[in-house]
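Structure file final.pdb with PDB, C-alpha atoms and all ligand atoms:
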ATOM      1  CA  MET A1329    -126.755  79.714-143.619
ATOM      2  CA  MET A1330    -128.261  76.249-143.371
ATOM      3  CA  ARG A1331    -126.002  75.067-146.156
ATOM      4  CA  ARG A1332    -123.005  76.332-144.287
ATOM      5  CA  LEU A1333    -124.156  74.678-141.093
ATOM      6  CA  ALA A1334    -124.634  71.380-142.881
ATOM      7  CA  LEU A1335    -121.200  71.657-144.428
ATOM      8  CA  VAL A1336    -119.646  72.343-141.070
ATOM      9  CA  PHE A1337    -121.383  69.311-139.689
ATOM     10  CA  ALA A1338    -120.539  67.044-142.562
ATOM     11  CA  LEU A1339    -116.796  67.396-142.248
ATOM     12  CA  VAL A1340    -114.359  66.610-139.559
ATOM     13  CA  LEU A1341    -112.911  69.977-138.991
ATOM     14  CA  ALA A1342    -109.422  71.085-138.409
ATOM     15  CA  VAL A1343    -110.322  74.485-137.084
ATOM     16  CA  GLY A1344    -106.909  75.746-136.153
ATOM     17  CA  CYS A1345    -107.733  74.785-133.583
ATOM     18  CA  SER A1346    -118.768  62.862-111.395
ATOM     19  CA  ARG A1347    -116.490  63.021-109.444
ATOM     20  CA  SER A1348    -113.013  61.879-110.039
ATOM     21  CA  ASP A1349    -110.539  59.639-108.352
ATOM     22  CA  PRO A1350    -107.506  61.830-107.783
ATOM     23  CA  LYS A1351    -105.264  58.861-107.091
ATOM     24  CA  ARG A1352    -105.983  57.305-110.416
ATOM     25  CA  PRO A1353    -102.990  56.845-112.677
ATOM     26  CA  ASN A1354    -104.025  56.598-116.248
ATOM     27  CA  SER A1355    -103.373  53.553-118.308
ATOM     28  CA  PRO A1356    -103.282  53.150-122.037
ATOM     29  CA  ILE A1357    -106.094  51.358-123.768
ATOM     30  CA  PRO A1358    -104.672  48.635-125.962
ATOM     31  CA  PRO A1359    -105.222  49.441-129.625
ATOM     32  CA  PRO A1360    -108.577  47.832-130.323
ATOM     33  CA  ALA A1361    -108.426  45.125-132.923
ATOM     34  CA  ALA A1362    -111.481  46.445-134.721
ATOM     35  CA  THR A1363    -110.422  50.069-134.822
ATOM     36  CA  PRO A1364    -111.278  51.443-138.211
ATOM     37  CA  PRO A1365    -108.527  53.352-139.952
ATOM     38  CA  CYS A1366    -108.486  57.107-139.499
ATOM     39  CA  PRO A1367    -109.578  58.589-142.782
ATOM     40  CA  ALA A1368    -108.435  61.888-144.175
ATOM     41  CA  ALA A1369    -110.102  64.820-142.471
ATOM     42  CA  GLU A1370    -111.810  66.135-145.561
ATOM     43  CA  SER A1371    -113.470  62.838-146.400
ATOM     44  CA  VAL A1372    -114.971  61.976-143.035
ATOM     45  CA  VAL A1373    -118.717  62.049-142.879
ATOM     46  CA  VAL A1374    -119.946  62.554-139.383
ATOM     47  CA  PRO A1375    -121.984  59.611-138.065
ATOM     48  CA  GLU A1376    -125.687  60.037-137.597
ATOM     49  CA  PRO A1377    -126.665  62.302-134.727
ATOM     50  CA  VAL A1378    -128.148  60.599-131.713
ATOM     51  CA  ALA A1379    -130.773  61.015-129.022
ATOM     52  CA  GLY A1380    -133.043  63.323-130.957
ATOM     53  CA  LEU A1381    -130.301  65.833-131.654
ATOM     54  CA  SER A1382    -130.344  67.066-135.204
ATOM     55  CA  ARG A1383    -127.497  67.807-137.546
ATOM     56  CA  THR A1384    -128.298  71.468-137.072
ATOM     57  CA  ASP A1385    -127.913  71.072-133.302
ATOM     58  CA  TYR A1386    -124.418  69.702-133.814
ATOM     59  CA  ALA A1387    -123.545  72.331-136.396
ATOM     60  CA  GLN A1388    -124.670  75.120-134.113
ATOM     61  CA  HIS A1389    -122.786  73.583-131.206
ATOM     62  CA  VAL A1390    -119.630  73.431-133.331
ATOM     63  CA  LEU A1391    -120.014  77.039-134.394
ATOM     64  CA  ASP A1392    -120.455  78.102-130.782
ATOM     65  CA  LEU A1393    -117.332  76.186-129.817
ATOM     66  CA  ARG A1394    -115.326  77.686-132.639
ATOM     67  CA  ARG A1395    -116.121  81.154-131.431
ATOM     68  CA  ARG A1396    -114.389  80.503-128.130
ATOM     69  CA  LEU A1397    -111.804  77.936-129.135
ATOM     70  CA  PRO A1398    -108.197  79.031-128.522
ATOM     71  CA  PRO A1399    -105.783  78.785-131.455
ATOM     72  CA  GLY A1400    -104.146  75.437-132.082
ATOM     73  CA  PHE A1401    -107.148  73.220-131.350
ATOM     74  CA  SER A1402    -108.640  70.616-133.666
ATOM     75  CA  LEU A1403    -112.225  69.475-133.512
ATOM     76  CA  VAL A1404    -113.947  66.237-134.485
ATOM     77  CA  VAL A1405    -117.662  65.516-134.237
ATOM     78  CA  GLU A1406    -118.173  62.018-132.876
ATOM     79  CA  PRO A1407    -121.815  61.829-131.658
ATOM     80  CA  PRO A1408    -122.801  62.074-128.901
ATOM     81  CA  PHE A1409    -119.544  63.926-128.372
ATOM     82  CA  VAL A1410    -117.602  66.736-129.892
ATOM     83  CA  VAL A1411    -113.905  66.040-129.401
ATOM     84  CA  LEU A1412    -111.498  68.941-129.099
ATOM     85  CA  GLY A1413    -107.778  68.752-128.624
ATOM     86  CA  ASN A1414    -104.635  70.808-128.763
ATOM     87  CA  GLY A1415    -102.671  67.953-130.313
ATOM     88  CA  SER A1416    -102.438  67.447-134.053
ATOM     89  CA  ALA A1417    -105.628  66.945-136.055
ATOM     90  CA  ASP A1418    -104.532  63.348-136.698
ATOM     91  CA  ARG A1419    -104.084  62.700-133.009
ATOM     92  CA  VAL A1420    -107.525  64.091-132.154
ATOM     93  CA  ARG A1421    -109.040  61.927-134.882
ATOM     94  CA  HIS A1422    -107.127  58.932-133.583
ATOM     95  CA  PHE A1423    -108.738  59.280-130.153
ATOM     96  CA  ALA A1424    -112.150  60.174-131.602
ATOM     97  CA  VAL A1425    -112.307  57.064-133.744
ATOM     98  CA  GLY A1426    -109.888  54.582-132.183
ATOM     99  CA  THR A1427    -110.821  55.119-128.557
ATOM    100  CA  ILE A1428    -114.100  57.041-128.243
ATOM    101  CA  ARG A1429    -116.073  55.469-131.099
ATOM    102  CA  TRP A1430    -114.684  52.055-130.244
ATOM    103  CA  ALA A1431    -115.613  52.328-126.568
ATOM    104  CA  VAL A1432    -119.037  53.870-127.183
ATOM    105  CA  THR A1433    -119.948  51.232-129.774
ATOM    106  CA  LEU A1434    -119.016  48.336-127.506
ATOM    107  CA  LEU A1435    -120.450  49.861-124.322
ATOM    108  CA  LYS A1436    -123.757  50.407-126.116
ATOM    109  CA  LYS A1437    -123.681  46.866-127.427
ATOM    110  CA  SER A1438    -123.414  45.438-123.905
ATOM    111  CA  TYR A1439    -125.234  47.965-121.758
ATOM    112  CA  PHE A1440    -126.728  51.182-122.981
ATOM    113  CA  THR A1441    -129.846  51.731-125.041
ATOM    114  CA  ARG A1442    -129.979  55.503-124.665
ATOM    115  CA  ASP A1443    -127.457  58.132-125.641
ATOM    116  CA  PRO A1444    -126.867  61.207-123.521
ATOM    117  CA  SER A1445    -129.604  63.692-124.291
ATOM    118  CA  ARG A1446    -127.207  66.555-124.957
ATOM    119  CA  ILE A1447    -124.014  67.109-126.859
ATOM    120  CA  LEU A1448    -121.001  66.607-124.590
ATOM    121  CA  ASP A1449    -117.536  68.006-125.205
ATOM    122  CA  ILE A1450    -114.427  65.911-124.708
ATOM    123  CA  TRP A1451    -111.325  68.038-124.281
ATOM    124  CA  LEU A1452    -108.024  66.299-124.917
ATOM    125  CA  LEU A1453    -105.198  68.358-123.490
ATOM    126  CA  GLU A1454    -101.639  67.540-124.366
ATOM    127  CA  ASP A1455     -99.804  68.754-121.290
ATOM    128  CA  ASP A1456    -100.434  69.480-117.669
ATOM    129  CA  THR A1457    -100.426  73.255-118.111
ATOM    130  CA  SER A1458    -103.105  73.312-120.810
ATOM    131  CA  TYR A1459    -105.104  70.663-118.911
ATOM    132  CA  ARG A1460    -105.163  72.787-115.785
ATOM    133  CA  GLN A1461    -105.954  75.945-117.768
ATOM    134  CA  ALA A1462    -108.781  74.207-119.644
ATOM    135  CA  SER A1463    -110.238  72.987-116.372
ATOM    136  CA  LEU A1464    -110.140  76.501-115.005
ATOM    137  CA  ASP A1465    -111.735  77.967-118.148
ATOM    138  CA  LEU A1466    -114.364  75.264-118.622
ATOM    139  CA  VAL A1467    -115.530  74.408-115.128
ATOM    140  CA  GLY A1468    -114.106  77.276-113.093
ATOM    141  CA  ARG A1469    -111.727  75.272-110.945
ATOM    142  CA  LEU A1470    -108.421  73.506-111.062
ATOM    143  CA  PRO A1471    -108.707  69.740-111.438
ATOM    144  CA  ASN A1472    -108.392  67.566-108.354
ATOM    145  CA  THR A1473    -106.820  64.800-110.393
ATOM    146  CA  PRO A1474    -103.913  64.947-112.838
ATOM    147  CA  TYR A1475    -105.635  62.535-115.247
ATOM    148  CA  GLY A1476    -109.092  63.696-116.236
ATOM    149  CA  PHE A1477    -112.667  64.118-115.083
ATOM    150  CA  TYR A1478    -116.281  64.478-116.179
ATOM    151  CA  ASP A1479    -118.220  67.542-115.126
ATOM    152  CA  ASP A1480    -121.887  66.759-115.687
ATOM    153  CA  ALA A1481    -123.039  70.314-114.969
ATOM    154  CA  LYS A1482    -120.860  71.682-117.791
ATOM    155  CA  GLY A1483    -121.288  68.662-120.054
ATOM    156  CA  ALA A1484    -117.515  68.385-120.379
ATOM    157  CA  LEU A1485    -115.002  65.584-120.112
ATOM    158  CA  VAL A1486    -111.605  67.164-119.547
ATOM    159  CA  MET A1487    -108.614  64.889-120.083
ATOM    160  CA  ASN A1488    -104.885  65.172-119.684
ATOM    161  CA  ILE A1489    -104.493  62.829-122.615
ATOM    162  CA  THR A1490    -100.722  62.553-122.393
ATOM    163  CA  THR A1491    -101.321  60.082-119.568
ATOM    164  CA  GLY A1492    -103.113  57.702-121.953
ATOM    165  CA  GLY A1493    -106.666  56.803-122.918
ATOM    166  CA  GLY A1494    -107.646  54.855-119.824
ATOM    167  CA  THR A1495    -109.271  57.697-117.938
ATOM    168  CA  LEU A1496    -111.039  58.740-121.132
ATOM    169  CA  VAL A1497    -112.916  55.435-121.341
ATOM    170  CA  HIS A1498    -113.584  55.504-117.595
ATOM    171  CA  GLU A1499    -115.172  58.951-117.902
ATOM    172  CA  ILE A1500    -117.179  58.033-121.022
ATOM    173  CA  VAL A1501    -119.024  55.454-118.929
ATOM    174  CA  HIS A1502    -120.420  58.129-116.612
ATOM    175  CA  PRO A1503    -122.620  60.132-119.023
ATOM    176  CA  PHE A1504    -123.977  56.869-120.396
ATOM    177  CA  ILE A1505    -124.848  55.658-116.907
ATOM    178  CA  GLU A1506    -126.428  59.067-116.330
ATOM    179  CA  ALA A1507    -128.611  58.610-119.430
ATOM    180  CA  ASN A1508    -129.558  55.000-118.769
ATOM    181  CA  PHE A1509    -129.515  54.263-115.063
ATOM    182  CA  GLU A1510    -131.293  56.822-112.954
ATOM    183  CA  HIS A1511    -130.025  56.879-109.350
ATOM    184  CA  CYS A1512    -127.232  54.459-110.132
ATOM    185  CA  PRO A1513    -125.229  54.117-106.927
ATOM    186  CA  ALA A1514    -121.697  55.480-106.974
ATOM    187  CA  TRP A1515    -120.149  52.091-106.240
ATOM    188  CA  PHE A1516    -121.517  50.632-109.480
ATOM    189  CA  ASN A1517    -120.983  53.759-111.577
ATOM    190  CA  GLU A1518    -117.337  53.983-110.519
ATOM    191  CA  GLY A1519    -116.826  50.233-110.575
ATOM    192  CA  LEU A1520    -117.929  50.066-114.202
ATOM    193  CA  GLY A1521    -115.945  53.163-115.202
ATOM    194  CA  SER A1522    -112.868  51.791-113.450
ATOM    195  CA  LEU A1523    -113.300  48.383-115.042
ATOM    196  CA  TYR A1524    -112.853  49.845-118.512
ATOM    197  CA  GLU A1525    -109.949  52.162-117.785
ATOM    198  CA  GLN A1526    -107.828  49.219-118.939
ATOM    199  CA  SER A1527    -109.844  47.462-121.591
ATOM    200  CA  ASP A1528    -109.737  45.400-124.725
ATOM    201  CA  GLU A1529    -112.107  43.556-127.049
ATOM    202  CA  ARG A1530    -112.911  39.862-126.653
ATOM    203  CA  ASP A1531    -115.348  38.073-128.978
ATOM    204  CA  GLY A1532    -116.749  41.420-130.052
ATOM    205  CA  GLU A1533    -117.355  42.668-126.518
ATOM    206  CA  ILE A1534    -115.518  45.178-124.397
ATOM    207  CA  VAL A1535    -113.709  43.626-121.447
ATOM    208  CA  GLY A1536    -111.783  45.118-118.571
ATOM    209  CA  LEU A1537    -108.290  43.815-117.915
ATOM    210  CA  THR A1538    -106.339  43.693-114.681
ATOM    211  CA  ASN A1539    -104.772  47.046-113.962
ATOM    212  CA  TRP A1540    -102.785  49.143-111.528
ATOM    213  CA  ARG A1541    -105.538  48.998-108.893
ATOM    214  CA  LEU A1542    -104.824  45.310-108.284
ATOM    215  CA  PRO A1543    -101.720  45.354-106.027
ATOM    216  CA  GLY A1544    -103.278  47.779-103.529
ATOM    217  CA  LEU A1545    -106.437  45.685-103.394
ATOM    218  CA  GLN A1546    -104.404  42.535-102.828
ATOM    219  CA  ARG A1547    -102.574  44.238 -99.960
ATOM    220  CA  ALA A1548    -105.904  45.284 -98.415
ATOM    221  CA  ILE A1549    -107.228  41.716 -98.732
ATOM    222  CA  ARG A1550    -104.117  40.370 -97.005
ATOM    223  CA  ARG A1551    -104.553  42.900 -94.227
ATOM    224  CA  GLY A1552    -108.219  41.920 -93.892
ATOM    225  CA  VAL A1553    -109.471  45.500 -94.058
ATOM    226  CA  LEU A1554    -111.963  45.414 -96.907
ATOM    227  CA  PRO A1555    -115.609  46.076 -96.067
ATOM    228  CA  SER A1556    -118.159  43.409 -96.921
ATOM    229  CA  PHE A1557    -119.893  43.583-100.289
ATOM    230  CA  GLU A1558    -123.085  44.362 -98.434
ATOM    231  CA  ALA A1559    -121.384  47.384 -96.860
ATOM    232  CA  LEU A1560    -119.768  48.473-100.138
ATOM    233  CA  THR A1561    -123.004  48.290-102.091
ATOM    234  CA  HIS A1562    -124.882  50.187 -99.385
ATOM    235  CA  THR A1563    -122.530  53.177 -99.468
ATOM    236  CA  THR A1564    -124.116  56.496-100.296
ATOM    237  CA  SER A1565    -122.273  58.779-102.738
ATOM    238  CA  SER A1566    -120.873  60.649 -99.781
ATOM    239  CA  ASP A1567    -119.709  57.401 -98.149
ATOM    240  CA  PHE A1568    -118.187  56.143-101.362
ATOM    241  CA  TYR A1569    -116.309  59.293-102.338
ATOM    242  CA  ASP A1570    -115.620  61.116 -99.115
ATOM    243  CA  ARG A1571    -115.118  58.236 -96.696
ATOM    244  CA  ASP A1572    -113.268  55.957 -99.054
ATOM    245  CA  PRO A1573    -110.770  53.877 -97.057
ATOM    246  CA  GLY A1574    -108.712  53.886-100.261
ATOM    247  CA  THR A1575    -110.122  50.660-101.643
ATOM    248  CA  ASN A1576    -113.650  51.518-102.801
ATOM    249  CA  TYR A1577    -112.843  51.942-106.489
ATOM    250  CA  ALA A1578    -110.666  48.846-106.568
ATOM    251  CA  GLN A1579    -113.094  46.658-104.628
ATOM    252  CA  ALA A1580    -115.988  47.705-106.869
ATOM    253  CA  ARG A1581    -113.840  47.241-109.982
ATOM    254  CA  TYR A1582    -112.699  43.760-109.119
ATOM    255  CA  LEU A1583    -116.149  42.645-108.050
ATOM    256  CA  LEU A1584    -117.330  43.616-111.529
ATOM    257  CA  TYR A1585    -114.201  42.089-113.058
ATOM    258  CA  TYR A1586    -115.036  38.807-111.307
ATOM    259  CA  LEU A1587    -118.613  38.950-112.640
ATOM    260  CA  GLN A1588    -117.253  39.674-116.107
ATOM    261  CA  GLU A1589    -114.899  36.722-116.031
ATOM    262  CA  MET A1590    -117.725  34.456-114.811
ATOM    263  CA  GLY A1591    -119.891  35.675-117.696
ATOM    264  CA  LEU A1592    -122.344  37.364-115.335
ATOM    265  CA  LEU A1593    -121.632  41.083-115.611
ATOM    266  CA  VAL A1594    -123.877  42.085-118.507
ATOM    267  CA  ARG A1595    -126.723  40.046-117.038
ATOM    268  CA  TYR A1596    -126.135  41.614-113.643
ATOM    269  CA  TYR A1597    -126.267  45.134-115.107
ATOM    270  CA  HIS A1598    -129.568  44.565-116.872
ATOM    271  CA  LEU A1599    -131.153  42.803-113.913
ATOM    272  CA  PHE A1600    -129.929  45.487-111.524
ATOM    273  CA  LEU A1601    -131.366  48.161-113.824
ATOM    274  CA  GLU A1602    -134.685  46.329-114.023
ATOM    275  CA  GLN A1603    -134.869  45.794-110.252
ATOM    276  CA  ARG A1604    -133.435  49.146-109.173
ATOM    277  CA  THR A1605    -136.623  50.373-107.529
ATOM    278  CA  LEU A1606    -136.893  47.236-105.392
ATOM    279  CA  ASP A1607    -133.161  46.882-104.881
ATOM    280  CA  PRO A1608    -131.512  50.295-105.240
ATOM    281  CA  THR A1609    -128.136  49.164-103.879
ATOM    282  CA  GLY A1610    -127.900  46.173-106.218
ATOM    283  CA  TYR A1611    -126.913  43.888-103.356
ATOM    284  CA  ARG A1612    -129.849  41.519-103.494
ATOM    285  CA  THR A1613    -129.557  41.332-107.259
ATOM    286  CA  LEU A1614    -125.864  40.560-106.857
ATOM    287  CA  VAL A1615    -126.647  37.660-104.518
ATOM    288  CA  ARG A1616    -129.260  36.433-106.962
ATOM    289  CA  VAL A1617    -126.957  36.580-109.992
ATOM    290  CA  LEU A1618    -124.285  34.727-108.034
ATOM    291  CA  GLY A1619    -126.796  31.934-107.427
ATOM    292  CA  GLY A1620    -127.636  32.740-103.816
ATOM    293  CA  PRO A1621    -124.386  31.739-102.125
ATOM    294  CA  ASP A1622    -123.455  32.254 -98.483
ATOM    295  CA  MET A1623    -121.949  35.708 -99.008
ATOM    296  CA  ARG A1624    -119.232  35.245 -96.388
ATOM    297  CA  ARG A1625    -118.086  32.188 -98.237
ATOM    298  CA  PHE A1626    -118.354  33.977-101.566
ATOM    299  CA  ARG A1627    -116.266  36.783-100.146
ATOM    300  CA  ARG A1628    -113.476  34.346 -99.234
ATOM    301  CA  GLU A1629    -113.613  32.757-102.673
ATOM    302  CA  TRP A1630    -113.527  36.181-104.360
ATOM    303  CA  GLU A1631    -110.547  37.205-102.239
ATOM    304  CA  GLU A1632    -108.675  34.055-103.233
ATOM    305  CA  TYR A1633    -109.556  34.769-106.842
ATOM    306  CA  VAL A1634    -108.273  38.330-106.633
ATOM    307  CA  LEU A1635    -105.077  37.222-104.872
ATOM    308  CA  GLY A1636    -104.430  34.894-107.810
ATOM    309  CA  LEU A1637    -104.719  37.667-110.406
ATOM    310  CA  GLU A1638    -101.672  39.336-111.876
ATOM    311  CA  PHE A1639    -100.972  42.729-113.348
ATOM    312  CA  HIS A1640     -97.814  43.442-115.241
ATOM    313  CA  PRO A1641     -97.424  47.124-116.036
ATOM    314  CA  ARG A1642     -96.150  47.776-119.508
ATOM    315  CA  THR A1643     -92.789  49.395-119.682
TER     316      THR A1643
HETATM  317 ZN    ZN B1701    -115.391  57.934-112.288
END
In structure tokens, what does this structure look like?
Amino acid sequence: MMRRLALVFALVLAVGCSRSDPKRPNSPIPPPAATPPCPAAESVVVPEPVAGLSRTDYAQHVLDLRRRLPPGFSLVVEPPFVVLGNGSADRVRHFAVGTIRWAVTLLKKSYFTRDPSRILDIWLLEDDTSYRQASLDLVGRLPNTPYGFYDDAKGALVMNITTGGGTLVHEIVHPFIEANFEHCPAWFNEGLGSLYEQSDERDGEIVGLTNWRLPGLQRAIRRGVLPSFEALTHTTSSDFYDRDPGTNYAQARYLLYYLQEMGLLVRYYHLFLEQRTLDPTGYRTLVRVLGGPDMRRFRREWEEYVLGLEFHPRT
């Protein structure tokens, strides 16, 4: 039995097989320059397990999944995830290696020292019908977004992957924040996830690019309706999600984008994490990382910066 389990684990198998932002259109992740080629299914050796999970844990998890997997799904083990999809085996492998492994490797390089402590399933659904059905089957409800979501209680990331890989990278950020940043406020968790929903690699690091959230944010800046950064960073989860004036995700994203472009984001994350007991909102740490500016003045400078950014959707 153990031999069979190990064999199951050692191969990529073709087995015949937080809250979300409902307004979020997905956006494709540019093909990462360092994406390794997708090898043939039979030759892939699964990477080392993570976070104290053994090969047997993964093998057992795969066997459990296979028992309830509908026909037409392929499965790839990509620790700390198991990736399942109803597209072709090549397509599932493409996302497992080209998007998931790429994003996880670079996110861990910049931010995360700990992996999620359990095996999480990423479901890649190839049409709206199967996406909605999978959501119903896996988490017991229809999705409130057409793009994808992470359900931490079920340990599942459920994606309508036909809309691109952007939401996939966004959602991957959440279980890593969960594992590394206890009591991370929603504004930062969603700001970081949103930052990487359009991402690329620069000098070996993951970077967020301008994306579809920009024009709406620019309109809000011109109308003068954005809350202060002090107010944004002091939002509770309920404030952030349920009383969102429609700009929370974008404002958080482009604050972090600004920090990234100034070379301050990774430092800010680690300092915020270190100081989280003293400064749970991250606001004081933000002021400190910015060099202690007058925050009203900084706000005006940031708004000018954002108004000067451009986003050109790909056709
Ligand atoms: Zn999110």
If you take every atom of region 1440-1444 of chain A that the file lists and fit an axis-aligned box around them with 3 Å extra on each side, what centre and edge lengths come out in Å to one decimal, as AutoDock Vina command-line options?
--center_x -128.4 --center_y 56.2 --center_z -124.3 --size_x 9.3 --size_y 16.0 --size_z 8.7
Would you give me, as a Markdown table, each residue of chain A having an atom within 9 Å of an atom of ligand ZN 1701 (chain B), along with its shortest atom pair and that distance in Å to one decimal, using only C-alpha atoms and all ligand atoms and sorting by chain and residue number?
| residue | atom | partner | partner_atom | distance |
| --- | --- | --- | --- | --- |
| A:Ser1346 | CA | B:ZN1701 | ZN | 6.0 |
| A:Arg1347 | CA | B:ZN1701 | ZN | 5.9 |
| A:Ser1348 | CA | B:ZN1701 | ZN | 5.1 |
| A:Asp1349 | CA | B:ZN1701 | ZN | 6.5 |
| A:Phe1477 | CA | B:ZN1701 | ZN | 7.3 |
| A:Tyr1478 | CA | B:ZN1701 | ZN | 7.7 |
| A:Thr1495 | CA | B:ZN1701 | ZN | 8.3 |
| A:His1498 | CA | B:ZN1701 | ZN | 6.1 |
| A:Glu1499 | CA | B:ZN1701 | ZN | 5.7 |
| A:Ile1500 | CA | B:ZN1701 | ZN | 8.9 |
| A:Val1501 | CA | B:ZN1701 | ZN | 8.0 |
| A:His1502 | CA | B:ZN1701 | ZN | 6.6 |
| A:Ala1514 | CA | B:ZN1701 | ZN | 8.6 |
| A:Asn1517 | CA | B:ZN1701 | ZN | 7.0 |
| A:Glu1518 | CA | B:ZN1701 | ZN | 4.7 |
| A:Gly1519 | CA | B:ZN1701 | ZN | 8.0 |
| A:Leu1520 | CA | B:ZN1701 | ZN | 8.5 |
| A:Gly1521 | CA | B:ZN1701 | ZN | 5.6 |
| A:Ser1522 | CA | B:ZN1701 | ZN | 6.7 |
| A:Tyr1577 | CA | B:ZN1701 | ZN | 8.7 |
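For the pair CA of Asp1528 (chain A) and CA of Leu1542 (chain A), the separation is 17.2 Å.
Excluding Phe1504 (chain A) and any residue on its chain fewer than 2 positions from it, the residues at most 9 Å away by all atoms listed in the file are Val1432, Leu1435, Lys1436, Phe1440, Arg1442, Asp1443, Pro1444, Ile1500, Val1501, His1502, Glu1506, Ala1507, Asn1508 and Phe1509 of chain A.
Around the point (-115.5, 48.0, -112.5), within 10 Å and counting all atoms listed in the file, we find these residues: His1498, Trp1515, Phe1516, Asn1517, Glu1518, Gly1519, Leu1520, Gly1521, Ser1522, Leu1523, Tyr1524, Glu1525, Gly1536, Leu1537, Tyr1577, Ala1578, Gln1579, Ala1580, Arg1581, Tyr1582, Leu1583, Leu1584, Tyr1585, Tyr1586, Leu1587, Gln1588 and Leu1593 of chain A.
Using the PyMOL selection byres (((chain A and resi 1491) around 10) and not hetatm) on the file at hand returns these residues: Pro1353, Asn1354, Ser1355, Pro1356, Leu1453, Glu1454, Asp1455, Asp1456, Pro1474, Tyr1475, Gly1476, Met1487, Asn1488, Ile1489, Thr1490, Gly1492, Gly1493, Gly1494, Thr1495 and Leu1496 of chain A.
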Using only C-alpha atoms, find each residue of region 1456-1550 of chain A with at least one atom at most 8 Å away from an atom of region 1608-1615 of chain A; report its shortest atom-to-atom pair and that distance in Å (one decimal), sort the rows by chain and rising residue number, and return the result as a tab-separated table.
residue	atom	partner	partner_atom	distance
A:His1511	CA	A:Pro1608	CA	7.9
A:Cys1512	CA	A:Pro1608	CA	7.7
A:Pro1513	CA	A:Thr1609	CA	6.5
Just the selected residues (C-alpha atoms), exported as a JSON list (two decimals), in the coordinates of the input, please.
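Saved result, part05.json, follows:
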[["chain", "number", "residue", "atom", "x", "y", "z"],
["A", 1511, "HIS", "CA", -130.02, 56.88, -109.35],
["A", 1512, "CYS", "CA", -127.23, 54.46, -110.13],
["A", 1513, "PRO", "CA", -125.23, 54.12, -106.93]]
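With all atoms listed in the file as the atoms that count, the minimum distance from Tyr1386 (chain A) to the choices A:His1422, A:Tyr1439, A:Arg1625, A:Arg1446 is reached by A:Arg1446.
Here the PyMOL selection byres (((chain A and resi 1423-1431) around 7) and not hetatm) catches exactly these residues: A:Thr1363, A:Pro1364, A:Cys1366, A:Val1404, A:Glu1406, A:Val1411, A:Arg1419, A:Val1420, A:Arg1421, A:His1422, A:Val1432, A:Thr1433, A:Leu1434, A:Leu1435, A:Val1497.
With CA of Asn1414 (chain A) on one side and CA of Trp1451 (chain A) on the other, the separation reads 8.5 Å.
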Point-to-point distance in Å for CA of Val1535 (chain A) and CA of Arg1624 (chain A): 27.0 Å
